[in-house]
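Contents: one structure, followed by commentary.
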Amino acid sequence: MAALQLEKQRGRYAALAIAAVVTLVGIPLWWKTTQTYRAWLPFSEISELDSLQLQLSVDIEVVFSRGTLTPEQQKKLPLSHVNEKEHQIDAKTGLQYKYEARYRTATIMEEDALNQPTAAEADLSLHMLTESSCGSVVVYVIPESSTLLPKDVKVYVGQRRTALLRSAPFKTSWSLKEVLSNLDPRVEQVVSTMSFSHQDIVAALSDRVRMPKVTKESMADSMRAIKSSPGYEITFSLLNPDPKSHSLHWDIEGALHSYIQPLLDKLAPIANFSVDSQILYYAVLGVNPRFDNSVSAYTLSADSLSHVINPVEARLGSNAASSNPVLNFLLYVPDAHHSPLFIRDHSKKEVPSNAFHSPRWGGIMVYNVNEMYGPESERPVDITIDMAKVMGVFLAQLRLMLGLQHTRPPTGFVLQSPGSAGLADWELDRLLWSRSVENIATASTTITSLAQLLDQIGNIVINDNIAEQVSSAVTSLQSAVAELETGNLAFALQYSREAILASERAFFDPSLLHLLYFPDDQKFAIYIPLFLPMCVPIVLSLLKIVSEAKQRRADKQAKRD
């Protein structure tokens, strides 16, 4: 009997020991080794980015030349003046514009520069004296009687960040405060032309906020420009559908160096550009042109242009090694049986450039060569393409694709042509303002969406590299917003580019999808066959031990009674 009791006691101890090992060691070890790894993310900082309040600061320098202020007014001229405007776009997005104007009188060298015979020469001379920082605006106020500008011109905007503003007529009895209050609205017009307008900034926030009612022109501009990207692939293609009749020669390398590369060099802070070219033989349009007897030429109507791109695009090929957007520019030389070929707009008028563009895709130009040879010429005819004519069209289309829309200045404004660079400094600033805000809006939306996804689905793995990308994106976003507040446009763009790159790398990381579709019922289906056979004996043993303990307690109580 004693041996039997000892054996039962040993069995109870063994069952308790096994249960203790399973409970204290097995279950925690299993839980730790099978749990989803989730690195720490700055959720509190990300939630702050969900409510975006941007402040854009513009540094303005107003320089008064000789004859615009009286000696008494020059003594009382204030050093600076700050003007702020606030716009609440929606419940989570707000804008604040800070215009900090500094006043001073022109130096002797600046006066000499303003005495040049033309405004263009004066703009160049002022640029040689000092170079304004990125995002800043310098306004030179010249006398009303100055001959530097034509009589009907009130403001001249040069190629750099300098503008010449004709002083408005004012009474000699006016105080300095009255002179400045009369000047401030005109300076504000200059700044909105050379830096940014409220409509441009709201359009840049389109990824974050719902677009309000805008004009048809601004809507067309926003749809035409390609979205912001760290890089772009630009392809120039020559389409020769009739190589038996035409032997085409184009100096694309020299044309790119002369016309396109100066523009891309100035746009280097915004994105990386890769340019290539190709010649496609026997590539025809997907639309048959119609012959017009009135002009003895073939024509393409505006309604048929949409059907041209798809058949041609199949021949263009693509760079599979790059995920950057592609801009295509096609030069099409009609075959001898469909020459000349002209493009007509919706009003049935011939397009002067004989070209058209497709929003966010590129442009196509039709180049007629039928006048370059006679019917008796030997085939194929050697034809050299006028690249200056072609690149003039492609350059204008490229500017539209990149968001460099033609600025519509107020009445009395004259904008100097950007020249061979293809882009004025203040035009670059306008693009930098828009792209910085667009990058911040896109990156903040991406990172907050990712945080919400990871918070809602708890079984998604968050690796350390994803956490690093998210933290980097948040830090870069905060730096970009801070640089915009201080007016450092170049640094704001740099940080915004880093933010959008890091946020997209984190959002599209393939490791996030590993356990995305692994619901709880599948977990039970896997673990129940494994743990149930092991747990049943242990549970039954524990229940038997509890039952025996209750029986012993009842027996002791009966003996006492």
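Labels for the structure tokens follow display order: chains A, B, ..., residues from 1 in each chain, ligands from 1.
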Inset, instruction - Name all residues at most 12 Å from Ala268 in chain A (count only C-alpha atoms; drop same-chain ones fewer than 3 positions away) and give them as a PyMOL selection string. - result: chain A and resi 230-232+261-265+271-274+428+432+490+493-494
Kindly export the residues of the current selection with N, CA and C atoms, as a PDB file, in the first residue's frame.
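selection-v4.pdb, freshly written:
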```pdb
ATOM      1  N   PRO A 230      11.699  61.434 -58.733  1.00  0.00           N
ATOM      2  CA  PRO A 230      13.150  61.639 -58.575  1.00  0.00           C
ATOM      3  C   PRO A 230      13.911  61.636 -59.892  1.00  0.00           C
ATOM      4  N   GLY A 231      13.341  61.035 -60.927  1.00  0.00           N
ATOM      5  CA  GLY A 231      14.026  60.984 -62.214  1.00  0.00           C
ATOM      6  C   GLY A 231      13.055  60.839 -63.358  1.00  0.00           C
ATOM      7  N   TYR A 232      13.529  61.173 -64.556  1.00  0.00           N
ATOM      8  CA  TYR A 232      12.705  61.091 -65.761  1.00  0.00           C
ATOM      9  C   TYR A 232      13.548  60.513 -66.895  1.00  0.00           C
ATOM     10  N   GLN A 261      20.022  70.218 -73.293  1.00  0.00           N
ATOM     11  CA  GLN A 261      20.908  70.057 -72.151  1.00  0.00           C
ATOM     12  C   GLN A 261      20.997  71.295 -71.272  1.00  0.00           C
ATOM     13  N   PRO A 262      21.025  72.535 -71.810  1.00  0.00           N
ATOM     14  CA  PRO A 262      21.021  73.699 -70.900  1.00  0.00           C
ATOM     15  C   PRO A 262      19.811  73.741 -69.982  1.00  0.00           C
ATOM     16  N   LEU A 263      18.647  73.353 -70.496  1.00  0.00           N
ATOM     17  CA  LEU A 263      17.452  73.308 -69.649  1.00  0.00           C
ATOM     18  C   LEU A 263      17.580  72.226 -68.582  1.00  0.00           C
ATOM     19  N   LEU A 264      18.055  71.047 -68.970  1.00  0.00           N
ATOM     20  CA  LEU A 264      18.188  69.959 -68.003  1.00  0.00           C
ATOM     21  C   LEU A 264      19.237  70.266 -66.952  1.00  0.00           C
ATOM     22  N   ASP A 265      20.286  71.003 -67.332  1.00  0.00           N
ATOM     23  CA  ASP A 265      21.306  71.386 -66.350  1.00  0.00           C
ATOM     24  C   ASP A 265      20.708  72.290 -65.272  1.00  0.00           C
ATOM     25  N   ALA A 271      15.392  66.904 -60.403  1.00  0.00           N
ATOM     26  CA  ALA A 271      15.334  65.475 -60.731  1.00  0.00           C
ATOM     27  C   ALA A 271      16.545  65.107 -61.576  1.00  0.00           C
ATOM     28  N   ASN A 272      16.752  63.802 -61.713  1.00  0.00           N
ATOM     29  CA  ASN A 272      17.782  63.268 -62.603  1.00  0.00           C
ATOM     30  C   ASN A 272      17.144  62.938 -63.945  1.00  0.00           C
ATOM     31  N   PHE A 273      17.815  63.312 -65.014  1.00  0.00           N
ATOM     32  CA  PHE A 273      17.274  63.125 -66.353  1.00  0.00           C
ATOM     33  C   PHE A 273      18.196  62.210 -67.149  1.00  0.00           C
ATOM     34  N   SER A 274      17.561  61.275 -67.855  1.00  0.00           N
ATOM     35  CA  SER A 274      18.279  60.389 -68.764  1.00  0.00           C
ATOM     36  C   SER A 274      17.685  60.584 -70.160  1.00  0.00           C
ATOM     37  N   LEU A 428      12.594  78.871 -62.561  1.00  0.00           N
ATOM     38  CA  LEU A 428      13.083  77.735 -61.790  1.00  0.00           C
ATOM     39  C   LEU A 428      12.593  77.814 -60.347  1.00  0.00           C
ATOM     40  N   LEU A 432      10.473  75.185 -58.205  1.00  0.00           N
ATOM     41  CA  LEU A 432      10.982  74.657 -56.943  1.00  0.00           C
ATOM     42  C   LEU A 432       9.950  74.792 -55.832  1.00  0.00           C
ATOM     43  N   ALA A 490      16.204  75.873 -51.643  1.00  0.00           N
ATOM     44  CA  ALA A 490      17.036  74.788 -52.173  1.00  0.00           C
ATOM     45  C   ALA A 490      17.092  73.625 -51.187  1.00  0.00           C
ATOM     46  N   LEU A 493      13.697  71.741 -51.005  1.00  0.00           N
ATOM     47  CA  LEU A 493      13.507  70.801 -52.107  1.00  0.00           C
ATOM     48  C   LEU A 493      14.335  69.536 -51.894  1.00  0.00           C
ATOM     49  N   GLN A 494      15.573  69.694 -51.430  1.00  0.00           N
ATOM     50  CA  GLN A 494      16.433  68.538 -51.209  1.00  0.00           C
ATOM     51  C   GLN A 494      15.829  67.598 -50.160  1.00  0.00           C
TER      52      GLN A 494
END
```
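The shell of residues at most 7 Å from range 75-85 of chain A, with only C-alpha atoms counted and near chain neighbours (fewer than 2 positions) removed, consists of Pro71, Glu72, Gln73, His87, Gln96, Tyr97, Lys98, Tyr99, Glu100, Ala101, Arg102 and Tyr103 of chain A.
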Filtering to N, CA and C atoms, could you give me those residues as an mmCIF file, in the first residue's frame?
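Dumped to again-v9.cif:
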```
data_model
loop_
_atom_site.group_PDB
_atom_site.id
_atom_site.type_symbol
_atom_site.label_atom_id
_atom_site.label_comp_id
_atom_site.auth_asym_id
_atom_site.auth_seq_id
_atom_site.Cartn_x
_atom_site.Cartn_y
_atom_site.Cartn_z
ATOM 1 N N PRO A 71 15.050 113.081 -50.007
ATOM 2 C CA PRO A 71 16.085 112.858 -48.990
ATOM 3 C C PRO A 71 15.503 112.618 -47.599
ATOM 4 N N GLU A 72 14.422 113.288 -47.272
ATOM 5 C CA GLU A 72 13.802 113.091 -45.964
ATOM 6 C C GLU A 72 13.192 111.689 -45.847
ATOM 7 N N GLN A 73 12.593 111.240 -46.922
ATOM 8 C CA GLN A 73 12.004 109.896 -46.909
ATOM 9 C C GLN A 73 13.083 108.820 -46.838
ATOM 10 N N HIS A 87 -4.257 80.882 -45.207
ATOM 11 C CA HIS A 87 -5.320 80.218 -45.968
ATOM 12 C C HIS A 87 -5.507 78.821 -45.380
ATOM 13 N N GLN A 96 0.364 79.317 -44.873
ATOM 14 C CA GLN A 96 0.682 80.656 -44.394
ATOM 15 C C GLN A 96 1.813 81.210 -45.241
ATOM 16 N N TYR A 97 1.591 82.370 -45.831
ATOM 17 C CA TYR A 97 2.593 83.019 -46.660
ATOM 18 C C TYR A 97 3.196 84.182 -45.878
ATOM 19 N N LYS A 98 4.510 84.177 -45.807
ATOM 20 C CA LYS A 98 5.224 85.229 -45.084
ATOM 21 C C LYS A 98 6.134 85.962 -46.067
ATOM 22 N N TYR A 99 5.831 87.222 -46.301
ATOM 23 C CA TYR A 99 6.620 88.053 -47.200
ATOM 24 C C TYR A 99 7.429 89.038 -46.351
ATOM 25 N N GLU A 100 8.727 88.828 -46.318
ATOM 26 C CA GLU A 100 9.605 89.700 -45.532
ATOM 27 C C GLU A 100 10.371 90.619 -46.487
ATOM 28 N N ALA A 101 9.949 91.882 -46.527
ATOM 29 C CA ALA A 101 10.548 92.863 -47.438
ATOM 30 C C ALA A 101 11.586 93.704 -46.700
ATOM 31 N N ARG A 102 12.753 93.837 -47.315
ATOM 32 C CA ARG A 102 13.819 94.697 -46.784
ATOM 33 C C ARG A 102 14.008 95.872 -47.738
ATOM 34 N N TYR A 103 14.069 97.057 -47.168
ATOM 35 C CA TYR A 103 14.151 98.286 -47.968
ATOM 36 C C TYR A 103 15.554 98.882 -47.846
#
```
I need the residues of range 163-308 of chain A that end up classed as alpha helix (DSSP H) by DSSP on the backbone, written out as a compact mmCIF listing (two decimals) with all heavy atoms, in the first residue's frame.
```txt
# COMPACT_ATOMS: atom_id res chain seq x y z
N LEU A 176 6.21 108.92 -46.11
CA LEU A 176 6.85 107.67 -46.50
C LEU A 176 5.88 106.50 -46.33
O LEU A 176 5.87 105.57 -47.15
CB LEU A 176 8.11 107.44 -45.66
CG LEU A 176 8.87 106.14 -45.94
CD1 LEU A 176 9.36 106.10 -47.38
CD2 LEU A 176 10.04 105.99 -44.97
N LYS A 177 5.05 106.54 -45.32
CA LYS A 177 4.08 105.47 -45.11
C LYS A 177 3.10 105.37 -46.26
O LYS A 177 2.75 104.26 -46.70
CB LYS A 177 3.35 105.71 -43.79
CG LYS A 177 2.38 104.61 -43.41
CD LYS A 177 1.74 104.88 -42.07
CE LYS A 177 0.77 103.77 -41.70
NZ LYS A 177 0.12 104.01 -40.38
N GLU A 178 2.67 106.52 -46.77
CA GLU A 178 1.74 106.52 -47.90
C GLU A 178 2.42 106.01 -49.17
O GLU A 178 1.81 105.30 -49.98
CB GLU A 178 1.19 107.93 -48.13
CG GLU A 178 0.26 108.40 -47.01
CD GLU A 178 -0.15 109.86 -47.20
OE1 GLU A 178 0.71 110.66 -47.62
OE2 GLU A 178 -1.33 110.18 -46.93
N VAL A 179 3.70 106.37 -49.36
CA VAL A 179 4.44 105.88 -50.53
C VAL A 179 4.57 104.35 -50.48
O VAL A 179 4.34 103.65 -51.48
CB VAL A 179 5.82 106.55 -50.61
CG1 VAL A 179 6.65 105.92 -51.72
CG2 VAL A 179 5.68 108.05 -50.84
N LEU A 180 4.93 103.82 -49.31
CA LEU A 180 5.10 102.38 -49.20
C LEU A 180 3.78 101.63 -49.30
O LEU A 180 3.72 100.54 -49.89
CB LEU A 180 5.78 102.05 -47.86
CG LEU A 180 7.22 102.55 -47.70
CD1 LEU A 180 7.77 102.16 -46.34
CD2 LEU A 180 8.12 102.04 -48.81
N SER A 181 2.70 102.19 -48.74
CA SER A 181 1.40 101.53 -48.85
C SER A 181 0.90 101.50 -50.29
O SER A 181 0.20 100.57 -50.70
CB SER A 181 0.38 102.24 -47.95
OG SER A 181 0.21 103.58 -48.36
N ASN A 182 1.27 102.51 -51.07
CA ASN A 182 0.93 102.53 -52.49
C ASN A 182 1.80 101.57 -53.29
O ASN A 182 1.36 101.01 -54.31
CB ASN A 182 1.08 103.95 -53.04
CG ASN A 182 0.74 104.04 -54.52
OD1 ASN A 182 1.61 103.93 -55.37
ND2 ASN A 182 -0.54 104.26 -54.82
N LEU A 183 3.01 101.32 -52.81
CA LEU A 183 3.95 100.46 -53.52
C LEU A 183 3.75 98.98 -53.19
O LEU A 183 3.97 98.11 -54.06
CB LEU A 183 5.38 100.88 -53.17
CG LEU A 183 6.54 100.15 -53.88
CD1 LEU A 183 6.53 100.46 -55.36
CD2 LEU A 183 7.87 100.53 -53.24
N ASP A 184 3.33 98.65 -51.98
CA ASP A 184 3.24 97.26 -51.53
C ASP A 184 2.37 96.37 -52.43
O ASP A 184 2.78 95.24 -52.76
CB ASP A 184 2.75 97.20 -50.09
CG ASP A 184 3.84 97.60 -49.10
OD1 ASP A 184 5.02 97.62 -49.50
OD2 ASP A 184 3.51 97.91 -47.94
N PRO A 185 1.18 96.79 -52.85
CA PRO A 185 0.38 95.91 -53.73
C PRO A 185 1.06 95.60 -55.05
O PRO A 185 0.95 94.48 -55.58
CB PRO A 185 -0.92 96.69 -53.95
CG PRO A 185 -0.99 97.65 -52.81
CD PRO A 185 0.43 98.00 -52.50
N ARG A 186 1.81 96.54 -55.58
CA ARG A 186 2.50 96.31 -56.84
C ARG A 186 3.69 95.38 -56.65
O ARG A 186 3.98 94.52 -57.51
CB ARG A 186 2.95 97.65 -57.42
CG ARG A 186 1.81 98.65 -57.59
CD ARG A 186 2.30 99.99 -58.10
NE ARG A 186 2.90 99.86 -59.42
CZ ARG A 186 3.73 100.75 -59.94
NH1 ARG A 186 4.08 101.83 -59.25
NH2 ARG A 186 4.23 100.57 -61.15
N VAL A 187 4.38 95.50 -55.52
CA VAL A 187 5.47 94.57 -55.21
C VAL A 187 4.91 93.17 -55.02
O VAL A 187 5.51 92.17 -55.44
CB VAL A 187 6.23 95.04 -53.96
CG1 VAL A 187 7.24 93.98 -53.52
CG2 VAL A 187 6.94 96.36 -54.23
N GLU A 188 3.74 93.08 -54.42
CA GLU A 188 3.11 91.77 -54.22
C GLU A 188 2.76 91.12 -55.56
O GLU A 188 2.89 89.90 -55.71
CB GLU A 188 1.86 91.93 -53.36
CG GLU A 188 1.19 90.62 -53.00
CD GLU A 188 0.00 90.82 -52.09
OE1 GLU A 188 -0.06 91.85 -51.40
OE2 GLU A 188 -0.88 89.94 -52.08
N GLN A 189 2.34 91.92 -56.54
CA GLN A 189 2.10 91.37 -57.87
C GLN A 189 3.37 90.81 -58.49
O GLN A 189 3.36 89.75 -59.11
CB GLN A 189 1.53 92.47 -58.79
CG GLN A 189 0.03 92.67 -58.70
CD GLN A 189 -0.45 93.63 -59.78
OE1 GLN A 189 0.21 94.61 -60.11
NE2 GLN A 189 -1.60 93.33 -60.34
N VAL A 190 4.48 91.53 -58.29
CA VAL A 190 5.76 91.07 -58.82
C VAL A 190 6.17 89.76 -58.17
O VAL A 190 6.61 88.81 -58.83
CB VAL A 190 6.84 92.14 -58.61
CG1 VAL A 190 8.20 91.62 -59.07
CG2 VAL A 190 6.49 93.42 -59.36
N VAL A 191 5.98 89.68 -56.85
CA VAL A 191 6.39 88.47 -56.12
C VAL A 191 5.53 87.27 -56.54
O VAL A 191 6.04 86.16 -56.73
CB VAL A 191 6.29 88.71 -54.61
CG1 VAL A 191 6.52 87.43 -53.83
CG2 VAL A 191 7.29 89.78 -54.18
N SER A 192 4.22 87.47 -56.70
CA SER A 192 3.36 86.36 -57.11
C SER A 192 3.68 85.89 -58.53
O SER A 192 3.44 84.74 -58.88
CB SER A 192 1.89 86.78 -57.03
OG SER A 192 1.62 87.84 -57.92
N THR A 193 4.25 86.78 -59.35
CA THR A 193 4.66 86.40 -60.71
C THR A 193 5.99 85.66 -60.71
O THR A 193 6.16 84.67 -61.43
CB THR A 193 4.77 87.65 -61.60
OG1 THR A 193 3.51 88.31 -61.64
CG2 THR A 193 5.18 87.27 -63.01
N MET A 194 6.93 86.09 -59.86
CA MET A 194 8.27 85.54 -59.89
C MET A 194 8.51 84.39 -58.92
O MET A 194 9.49 83.67 -59.07
CB MET A 194 9.28 86.66 -59.61
CG MET A 194 9.27 87.79 -60.62
SD MET A 194 10.48 89.07 -60.26
CE MET A 194 12.01 88.17 -60.45
N HIS A 198 -1.03 81.62 -54.97
CA HIS A 198 -1.81 80.73 -54.12
C HIS A 198 -2.38 79.58 -54.92
O HIS A 198 -2.43 78.43 -54.45
CB HIS A 198 -2.93 81.52 -53.43
CG HIS A 198 -3.83 80.68 -52.59
ND1 HIS A 198 -3.40 79.97 -51.49
CD2 HIS A 198 -5.17 80.41 -52.70
CE1 HIS A 198 -4.41 79.31 -50.95
NE2 HIS A 198 -5.49 79.55 -51.67
N GLN A 199 -2.79 79.85 -56.13
CA GLN A 199 -3.37 78.80 -56.98
C GLN A 199 -2.34 77.73 -57.32
O GLN A 199 -2.66 76.53 -57.38
CB GLN A 199 -3.94 79.41 -58.24
CG GLN A 199 -4.94 78.53 -58.97
CD GLN A 199 -5.66 79.28 -60.08
OE1 GLN A 199 -5.16 80.30 -60.57
NE2 GLN A 199 -6.81 78.78 -60.48
N ASP A 200 -1.08 78.13 -57.53
CA ASP A 200 -0.02 77.16 -57.82
C ASP A 200 0.21 76.23 -56.63
O ASP A 200 0.38 75.01 -56.79
CB ASP A 200 1.29 77.87 -58.16
CG ASP A 200 1.19 78.64 -59.47
OD1 ASP A 200 0.33 78.30 -60.29
OD2 ASP A 200 1.98 79.60 -59.65
N ILE A 201 0.21 76.78 -55.42
CA ILE A 201 0.47 75.98 -54.23
C ILE A 201 -0.69 75.04 -53.95
O ILE A 201 -0.49 73.86 -53.59
CB ILE A 201 0.75 76.89 -53.03
CG1 ILE A 201 1.96 77.79 -53.32
CG2 ILE A 201 1.01 76.07 -51.78
CD1 ILE A 201 3.23 77.04 -53.65
N VAL A 202 -1.91 75.50 -54.14
CA VAL A 202 -3.07 74.64 -53.93
C VAL A 202 -3.05 73.48 -54.95
O VAL A 202 -3.37 72.33 -54.61
CB VAL A 202 -4.37 75.44 -54.03
CG1 VAL A 202 -5.59 74.53 -54.01
CG2 VAL A 202 -4.46 76.45 -52.89
N ALA A 203 -2.67 73.79 -56.19
CA ALA A 203 -2.57 72.73 -57.20
C ALA A 203 -1.50 71.71 -56.82
O ALA A 203 -1.64 70.51 -57.10
CB ALA A 203 -2.27 73.33 -58.56
N ALA A 204 -0.41 72.16 -56.18
CA ALA A 204 0.64 71.23 -55.75
C ALA A 204 0.18 70.32 -54.63
O ALA A 204 0.78 69.27 -54.40
CB ALA A 204 1.88 72.02 -55.32
N LYS A 216 -10.43 76.68 -66.32
CA LYS A 216 -10.10 75.63 -67.28
C LYS A 216 -8.62 75.65 -67.61
O LYS A 216 -8.00 74.60 -67.81
CB LYS A 216 -10.93 75.83 -68.55
CG LYS A 216 -12.42 75.56 -68.38
CD LYS A 216 -13.14 75.71 -69.71
CE LYS A 216 -14.63 75.42 -69.56
NZ LYS A 216 -15.36 75.55 -70.84
N GLU A 217 -8.02 76.86 -67.67
CA GLU A 217 -6.61 76.94 -68.02
C GLU A 217 -5.74 76.29 -66.94
O GLU A 217 -4.82 75.52 -67.24
CB GLU A 217 -6.20 78.41 -68.21
CG GLU A 217 -6.78 79.06 -69.45
CD GLU A 217 -8.23 79.50 -69.24
OE1 GLU A 217 -8.72 79.38 -68.10
OE2 GLU A 217 -8.87 79.95 -70.22
N SER A 218 -6.02 76.60 -65.66
CA SER A 218 -5.22 76.03 -64.60
C SER A 218 -5.43 74.52 -64.48
O SER A 218 -4.51 73.77 -64.18
CB SER A 218 -5.56 76.70 -63.26
OG SER A 218 -6.93 76.54 -62.95
N MET A 219 -6.67 74.07 -64.73
CA MET A 219 -6.93 72.63 -64.71
C MET A 219 -6.16 71.93 -65.83
O MET A 219 -5.59 70.85 -65.63
CB MET A 219 -8.43 72.37 -64.85
CG MET A 219 -8.80 70.89 -64.87
SD MET A 219 -8.38 70.04 -63.33
CE MET A 219 -9.59 70.78 -62.24
N ALA A 220 -6.13 72.53 -67.01
CA ALA A 220 -5.38 71.95 -68.12
C ALA A 220 -3.89 71.91 -67.82
O ALA A 220 -3.20 70.94 -68.13
CB ALA A 220 -5.65 72.73 -69.40
N ASP A 221 -3.37 72.97 -67.17
CA ASP A 221 -1.95 72.99 -66.83
C ASP A 221 -1.60 71.89 -65.83
O ASP A 221 -0.57 71.23 -65.95
CB ASP A 221 -1.57 74.36 -66.25
CG ASP A 221 -1.60 75.46 -67.30
OD1 ASP A 221 -1.57 75.12 -68.49
OD2 ASP A 221 -1.67 76.64 -66.93
N SER A 222 -2.45 71.70 -64.81
CA SER A 222 -2.17 70.69 -63.80
C SER A 222 -2.26 69.28 -64.39
O SER A 222 -1.52 68.38 -63.97
CB SER A 222 -3.13 70.83 -62.63
OG SER A 222 -4.48 70.63 -63.05
N MET A 223 -3.16 69.07 -65.34
CA MET A 223 -3.30 67.75 -65.96
C MET A 223 -2.17 67.48 -66.96
O MET A 223 -1.78 66.34 -67.18
CB MET A 223 -4.65 67.63 -66.66
CG MET A 223 -5.84 67.61 -65.74
SD MET A 223 -7.40 67.52 -66.64
CE MET A 223 -7.20 65.98 -67.49
N ARG A 224 -1.65 68.54 -67.56
CA ARG A 224 -0.62 68.37 -68.58
C ARG A 224 0.72 68.00 -67.96
O ARG A 224 1.46 67.19 -68.52
CB ARG A 224 -0.51 69.67 -69.38
CG ARG A 224 0.47 69.59 -70.54
CD ARG A 224 0.64 70.94 -71.20
NE ARG A 224 -0.60 71.41 -71.79
CZ ARG A 224 -1.25 72.50 -71.39
NH1 ARG A 224 -0.78 73.21 -70.37
NH2 ARG A 224 -2.37 72.87 -71.97
N ILE A 252 20.92 64.69 -83.82
CA ILE A 252 20.23 64.72 -82.55
C ILE A 252 21.19 64.99 -81.40
O ILE A 252 20.84 65.68 -80.43
CB ILE A 252 19.47 63.38 -82.33
CG1 ILE A 252 18.63 63.45 -81.07
CG2 ILE A 252 20.44 62.22 -82.31
CD1 ILE A 252 17.55 64.49 -81.09
N GLU A 253 22.42 64.50 -81.51
CA GLU A 253 23.38 64.73 -80.43
C GLU A 253 23.72 66.21 -80.30
O GLU A 253 23.72 66.76 -79.19
CB GLU A 253 24.65 63.91 -80.68
CG GLU A 253 25.65 64.00 -79.55
CD GLU A 253 26.84 63.10 -79.77
OE1 GLU A 253 26.83 62.34 -80.76
OE2 GLU A 253 27.78 63.14 -78.95
N GLY A 254 23.99 66.86 -81.42
CA GLY A 254 24.29 68.29 -81.36
C GLY A 254 23.09 69.11 -80.94
O GLY A 254 23.22 70.10 -80.21
N ALA A 255 21.88 68.71 -81.39
CA ALA A 255 20.67 69.44 -81.02
C ALA A 255 20.38 69.31 -79.53
O ALA A 255 19.99 70.29 -78.87
CB ALA A 255 19.49 68.92 -81.83
N GLN A 261 20.02 70.22 -73.29
CA GLN A 261 20.91 70.06 -72.15
C GLN A 261 21.00 71.30 -71.27
O GLN A 261 21.06 71.16 -70.03
CB GLN A 261 22.31 69.65 -72.64
CG GLN A 261 23.19 69.08 -71.53
CD GLN A 261 22.59 67.86 -70.89
OE1 GLN A 261 22.11 66.96 -71.57
NE2 GLN A 261 22.59 67.82 -69.56
N PRO A 262 21.02 72.53 -71.81
CA PRO A 262 21.02 73.70 -70.90
C PRO A 262 19.81 73.74 -69.98
O PRO A 262 19.94 74.10 -68.81
CB PRO A 262 21.04 74.89 -71.88
CG PRO A 262 21.68 74.36 -73.12
CD PRO A 262 21.23 72.95 -73.22
N LEU A 263 18.65 73.35 -70.50
CA LEU A 263 17.45 73.31 -69.65
C LEU A 263 17.58 72.23 -68.58
O LEU A 263 17.26 72.46 -67.41
CB LEU A 263 16.22 73.07 -70.51
CG LEU A 263 14.90 72.86 -69.76
CD1 LEU A 263 14.52 74.11 -68.97
CD2 LEU A 263 13.79 72.47 -70.72
N LEU A 264 18.05 71.05 -68.97
CA LEU A 264 18.19 69.96 -68.00
C LEU A 264 19.24 70.27 -66.95
O LEU A 264 19.11 69.83 -65.80
CB LEU A 264 18.53 68.66 -68.73
CG LEU A 264 17.52 68.17 -69.77
CD1 LEU A 264 17.94 66.82 -70.33
CD2 LEU A 264 16.12 68.10 -69.18
N ASP A 265 20.29 71.00 -67.33
CA ASP A 265 21.31 71.39 -66.35
C ASP A 265 20.71 72.29 -65.27
O ASP A 265 21.04 72.16 -64.09
CB ASP A 265 22.47 72.09 -67.04
CG ASP A 265 23.29 71.14 -67.90
OD1 ASP A 265 23.21 69.92 -67.67
OD2 ASP A 265 24.00 71.62 -68.82
N LYS A 266 19.82 73.19 -65.66
CA LYS A 266 19.20 74.08 -64.68
C LYS A 266 18.19 73.33 -63.83
O LYS A 266 17.92 73.72 -62.68
CB LYS A 266 18.53 75.26 -65.37
CG LYS A 266 19.48 76.17 -66.13
CD LYS A 266 18.90 77.55 -66.35
CE LYS A 266 18.83 78.33 -65.06
NZ LYS A 266 18.45 79.75 -65.27
```
Inset, instruction - Show which residues sit within 12 Å of Ala122 in chain A, as number ranges by chain. Count only C-alpha atoms, and ignore same-chain residues fewer than 2 positions away. - result: A: 109-120, 124-129, 140, 142, 148-149, 156-160, 162-164
Inset, instruction - Determine, counting only C-alpha atoms, which protein, DNA and RNA residues have an atom within 12 Å of an atom of Leu280 in chain A; residues of the same chain fewer than 5 positions away are not included. Present the result as a list of chain:residue names. - result: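 Result of the neighbour search: A:Phe236, A:Ser237, A:Leu238, A:Leu239, A:Asn240, A:Pro241, A:Asp242, A:Pro243, A:Leu248, A:Val312, A:Glu313, A:Ala314, A:Arg315, A:Leu316, A:Gly317, A:Leu330, A:Leu331, A:Tyr332, A:Val333.
Proximity of A:Gln278, A:Thr475, A:Thr448, A:Asn370 to Tyr495 in chain A, computed with only C-alpha atoms, is greatest for A:Thr475.
Taking CA of Ser136 in chain A and CA of Leu489 in chain A as the two end points, the separation is 8.9 Å.
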Inset, instruction - Identify, with DSSP run on backbone atoms, the residues in range 363-472 of chain A assigned to strand (DSSP E), and express the list as a list of chain:residue names. - result: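 Of range 363-472 of chain A, the ones in strand (DSSP E) are A:Gly363, A:Ile364, A:Met365, A:Val366, A:Val381, A:Asp382, A:Ile383, A:Thr384, A:Phe413, A:Val414, A:Leu415.
Between CA of Val481 in chain A and CA of Ala441 in chain A the interatomic distance comes to 10.5 Å.
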Inset, instruction - Write out as a list in words each polymer residue whose atoms come within 12 Å of range 539-555 of chain A, counting only C-alpha atoms; drop sequence neighbours fewer than 2 positions from it. - result: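 So the residues in contact are Lys8, Gln9, Arg10, Gly11, Arg12, Tyr13, Ala14, Ala15, Leu16, Ala17, Ile18, Ala19, Ala20, Val22, Thr23, Phe531, Leu532, Pro533, Met534, Cys535, Val536, Pro537, Gln557, Ala558, Lys559, Arg560 and Asp561 of chain A.
Distances from A:Val284, A:Ala443, A:Ile226, A:Ala388 to Leu400 in chain A were compared using only C-alpha atoms, and the smallest one belongs to A:Ile226.
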Inset, instruction - Might you pull out every residue within 7 Å of range 459-469 of chain A, with only C-alpha atoms counted and same-chain residues fewer than 3 positions away left off, and present them as a list in words? - result: Thr36, Tyr37, Arg38, Ala39, Trp40, Leu41, Leu454, Ser472, Ala473, Ala502, Ser503, Ala506, Leu512, Leu515 and Leu516 of chain A
